[in-house]
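Asks: Before I ask anything, here is the structure I am working with.
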Amino acid sequence: LFPYTTLFRSNLLTTPANISSVTWLVNGSFGFQISGLLGQTVHVEASTNMVNWDILSVIVLTSGTTNFIDNSAPLFQHRLYRTVLRSAP
């Protein structure tokens with residue numbers, strides 16, 4: 001199981017996005033559910049060293065929750081994930 005973190009910008013007085021329902025898919029992809037406030041913009045980021053982070057997706061929570069799948073997960077021996085709140089509703 002990959003470690004993950006949930007981060008948010010301290011200047012936004014709102015609820016951070018959360019990662020839950022972490023799962024491996026049959027094809028080796030890795031997925032999880034993201035939940036937060038309706039209208040939040042969240043970056044899903046990944047790293048192999050916790051120093052350099054790549055943005056995998058920019059998601060606007062139009063229903064408060066969404067699923068994310070990393071189809072490139074099988075290409076990495078290990079990978080860490082985090083959500084970063086970029087704007088509040």
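Here, A, B, ... name the chains of the structure tokens in the order displayed, residue numbers run from 1 inside each chain, and ligands are numbered from 1 in the same displayed order.
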Fewer than 2 positions away in the same chain doesn't count, so skip those; otherwise give me all residues within 8 Å of Ala73 (chain A), counting only C-alpha atoms, as a ChimeraX atom specification.

Replies: /A:28-30,70-71,75-76,79

Asks: With a distance cut-off of 8 Å and only C-alpha atoms, select the neighbouring residues of region 48-64 of chain A, excluding the residue or stretch itself and same-chain residues fewer than 2 positions from it, and output the selection as an mmCIF file with all heavy atoms, in the first residue's frame.

Replies:
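result-v7.cif was written with the following content:
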data_model
loop_
_atom_site.group_PDB
_atom_site.id
_atom_site.type_symbol
_atom_site.label_atom_id
_atom_site.label_comp_id
_atom_site.auth_asym_id
_atom_site.auth_seq_id
_atom_site.Cartn_x
_atom_site.Cartn_y
_atom_site.Cartn_z
ATOM 1 N N SER A 35 -12.563 13.348 -1.592
ATOM 2 C CA SER A 35 -13.766 14.034 -1.133
ATOM 3 C C SER A 35 -13.398 15.383 -0.545
ATOM 4 O O SER A 35 -12.310 15.572 -0.005
ATOM 5 C CB SER A 35 -14.516 13.188 -0.103
ATOM 6 O OG SER A 35 -13.694 12.930 1.003
ATOM 7 N N GLY A 36 -14.302 16.312 -0.682
ATOM 8 C CA GLY A 36 -14.102 17.663 -0.163
ATOM 9 C C GLY A 36 -15.371 18.460 -0.371
ATOM 10 O O GLY A 36 -16.446 17.903 -0.572
ATOM 11 N N LEU A 37 -15.225 19.751 -0.360
ATOM 12 C CA LEU A 37 -16.380 20.628 -0.544
ATOM 13 C C LEU A 37 -16.702 20.798 -2.020
ATOM 14 O O LEU A 37 -15.805 20.839 -2.864
ATOM 15 C CB LEU A 37 -16.108 22.000 0.076
ATOM 16 C CG LEU A 37 -15.879 22.023 1.585
ATOM 17 C CD1 LEU A 37 -15.576 23.443 2.043
ATOM 18 C CD2 LEU A 37 -17.088 21.469 2.321
ATOM 19 N N LEU A 38 -17.960 20.890 -2.316
ATOM 20 C CA LEU A 38 -18.426 21.123 -3.677
ATOM 21 C C LEU A 38 -17.743 22.365 -4.238
ATOM 22 O O LEU A 38 -17.736 23.419 -3.601
ATOM 23 C CB LEU A 38 -19.946 21.314 -3.667
ATOM 24 C CG LEU A 38 -20.629 21.474 -5.008
ATOM 25 C CD1 LEU A 38 -20.536 20.174 -5.790
ATOM 26 C CD2 LEU A 38 -22.069 21.871 -4.808
ATOM 27 N N GLY A 39 -17.127 22.229 -5.401
ATOM 28 C CA GLY A 39 -16.477 23.353 -6.068
ATOM 29 C C GLY A 39 -14.995 23.511 -5.784
ATOM 30 O O GLY A 39 -14.336 24.348 -6.409
ATOM 31 N N GLN A 40 -14.436 22.749 -4.853
ATOM 32 C CA GLN A 40 -12.999 22.838 -4.584
ATOM 33 C C GLN A 40 -12.202 22.368 -5.794
ATOM 34 O O GLN A 40 -12.599 21.423 -6.480
ATOM 35 C CB GLN A 40 -12.594 21.974 -3.384
ATOM 36 C CG GLN A 40 -12.938 22.560 -2.054
ATOM 37 C CD GLN A 40 -12.498 21.662 -0.905
ATOM 38 O OE1 GLN A 40 -12.604 20.452 -0.977
ATOM 39 N NE2 GLN A 40 -12.029 22.270 0.153
ATOM 40 N N THR A 41 -11.066 23.023 -6.047
ATOM 41 C CA THR A 41 -10.131 22.577 -7.070
ATOM 42 C C THR A 41 -8.961 21.909 -6.364
ATOM 43 O O THR A 41 -8.340 22.500 -5.477
ATOM 44 C CB THR A 41 -9.624 23.754 -7.926
ATOM 45 O OG1 THR A 41 -10.757 24.368 -8.562
ATOM 46 C CG2 THR A 41 -8.636 23.284 -8.981
ATOM 47 N N VAL A 42 -8.677 20.666 -6.768
ATOM 48 C CA VAL A 42 -7.670 19.840 -6.106
ATOM 49 C C VAL A 42 -6.661 19.354 -7.140
ATOM 50 O O VAL A 42 -7.040 18.909 -8.220
ATOM 51 C CB VAL A 42 -8.351 18.619 -5.438
ATOM 52 C CG1 VAL A 42 -7.331 17.709 -4.805
ATOM 53 C CG2 VAL A 42 -9.381 19.072 -4.422
ATOM 54 N N HIS A 43 -5.372 19.448 -6.803
ATOM 55 C CA HIS A 43 -4.334 18.815 -7.612
ATOM 56 C C HIS A 43 -4.044 17.457 -7.007
ATOM 57 O O HIS A 43 -3.831 17.346 -5.798
ATOM 58 C CB HIS A 43 -3.046 19.631 -7.593
ATOM 59 C CG HIS A 43 -3.110 20.871 -8.411
ATOM 60 N ND1 HIS A 43 -1.990 21.623 -8.695
ATOM 61 C CD2 HIS A 43 -4.137 21.510 -9.023
ATOM 62 C CE1 HIS A 43 -2.333 22.665 -9.432
ATOM 63 N NE2 HIS A 43 -3.628 22.617 -9.636
ATOM 64 N N VAL A 44 -4.016 16.422 -7.833
ATOM 65 C CA VAL A 44 -3.544 15.111 -7.407
ATOM 66 C C VAL A 44 -2.095 15.041 -7.846
ATOM 67 O O VAL A 44 -1.784 15.225 -9.028
ATOM 68 C CB VAL A 44 -4.356 13.972 -8.053
ATOM 69 C CG1 VAL A 44 -3.780 12.627 -7.649
ATOM 70 C CG2 VAL A 44 -5.823 14.084 -7.676
ATOM 71 N N GLU A 45 -1.214 14.822 -6.878
ATOM 72 C CA GLU A 45 0.219 14.811 -7.154
ATOM 73 C C GLU A 45 0.822 13.476 -6.742
ATOM 74 O O GLU A 45 0.316 12.794 -5.854
ATOM 75 C CB GLU A 45 0.915 15.951 -6.402
ATOM 76 C CG GLU A 45 0.395 17.313 -6.809
ATOM 77 C CD GLU A 45 1.076 18.464 -6.104
ATOM 78 O OE1 GLU A 45 1.863 18.224 -5.157
ATOM 79 O OE2 GLU A 45 0.824 19.606 -6.492
ATOM 80 N N ALA A 46 1.945 13.121 -7.404
ATOM 81 C CA ALA A 46 2.645 11.873 -7.094
ATOM 82 C C ALA A 46 4.144 12.130 -7.041
ATOM 83 O O ALA A 46 4.662 13.041 -7.691
ATOM 84 C CB ALA A 46 2.343 10.811 -8.137
ATOM 85 N N THR A 66 -15.064 12.321 -5.925
ATOM 86 C CA THR A 66 -14.733 11.797 -7.248
ATOM 87 C C THR A 66 -13.720 10.678 -7.083
ATOM 88 O O THR A 66 -13.049 10.584 -6.052
ATOM 89 C CB THR A 66 -14.196 12.900 -8.180
ATOM 90 O OG1 THR A 66 -14.140 12.413 -9.515
ATOM 91 C CG2 THR A 66 -12.811 13.360 -7.756
ATOM 92 N N HIS A 78 7.591 2.160 -6.581
ATOM 93 C CA HIS A 78 6.799 2.729 -5.491
ATOM 94 C C HIS A 78 6.442 4.161 -5.874
ATOM 95 O O HIS A 78 7.150 4.806 -6.641
ATOM 96 C CB HIS A 78 7.553 2.695 -4.154
ATOM 97 C CG HIS A 78 8.766 3.565 -4.130
ATOM 98 N ND1 HIS A 78 9.986 3.148 -4.619
ATOM 99 C CD2 HIS A 78 8.946 4.833 -3.708
ATOM 100 C CE1 HIS A 78 10.858 4.137 -4.485
ATOM 101 N NE2 HIS A 78 10.260 5.170 -3.935
ATOM 102 N N ARG A 79 5.339 4.628 -5.334
ATOM 103 C CA ARG A 79 4.863 5.972 -5.655
ATOM 104 C C ARG A 79 4.013 6.470 -4.497
ATOM 105 O O ARG A 79 3.229 5.720 -3.921
ATOM 106 C CB ARG A 79 4.026 5.927 -6.929
ATOM 107 C CG ARG A 79 3.965 7.250 -7.647
ATOM 108 C CD ARG A 79 3.404 7.054 -9.037
ATOM 109 N NE ARG A 79 3.695 8.227 -9.826
ATOM 110 C CZ ARG A 79 3.159 8.489 -10.995
ATOM 111 N NH1 ARG A 79 2.318 7.647 -11.533
ATOM 112 N NH2 ARG A 79 3.467 9.584 -11.638
ATOM 113 N N LEU A 80 4.188 7.736 -4.142
ATOM 114 C CA LEU A 80 3.419 8.358 -3.069
ATOM 115 C C LEU A 80 2.445 9.350 -3.689
ATOM 116 O O LEU A 80 2.739 9.938 -4.721
ATOM 117 C CB LEU A 80 4.373 9.078 -2.119
ATOM 118 C CG LEU A 80 5.437 8.150 -1.537
ATOM 119 C CD1 LEU A 80 6.799 8.582 -2.021
ATOM 120 C CD2 LEU A 80 5.347 8.122 -0.065
#

Asks: Mind listing the strand (DSSP E or B) residues of region 3-88 of chain A, per DSSP on the backbone, as a PyMOL selection string?

Replies: chain A and resi 4-7+18-24+30-35+41-47+54-60+65-70+80-87

Asks: Kindly give the distance, in Å, that separates CA of Val22 (chain A) and CA of Ser47 (chain A), rounded to a single decimal.

Replies: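 Those two atoms sit 16.7 Å apart.
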
Asks: What is the distance between CA of Arg82 (chain A) and CA of Ile19 (chain A), in Å to one decimal?

Replies: 8.0 Å

Asks: Go ahead and compute the interatomic distance for CA of Thr65 (chain A) and CA of Val26 (chain A), in Å to one decimal.

Replies: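 That distance, rounded to one decimal, is 22.7 Å.
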
Asks: Which residue is closest to Gln33 (chain A)? Choose from A:Ser87, A:Asn67, A:Asn18, A:Ser72 and count only C-alpha atoms.

Replies: A:Asn67
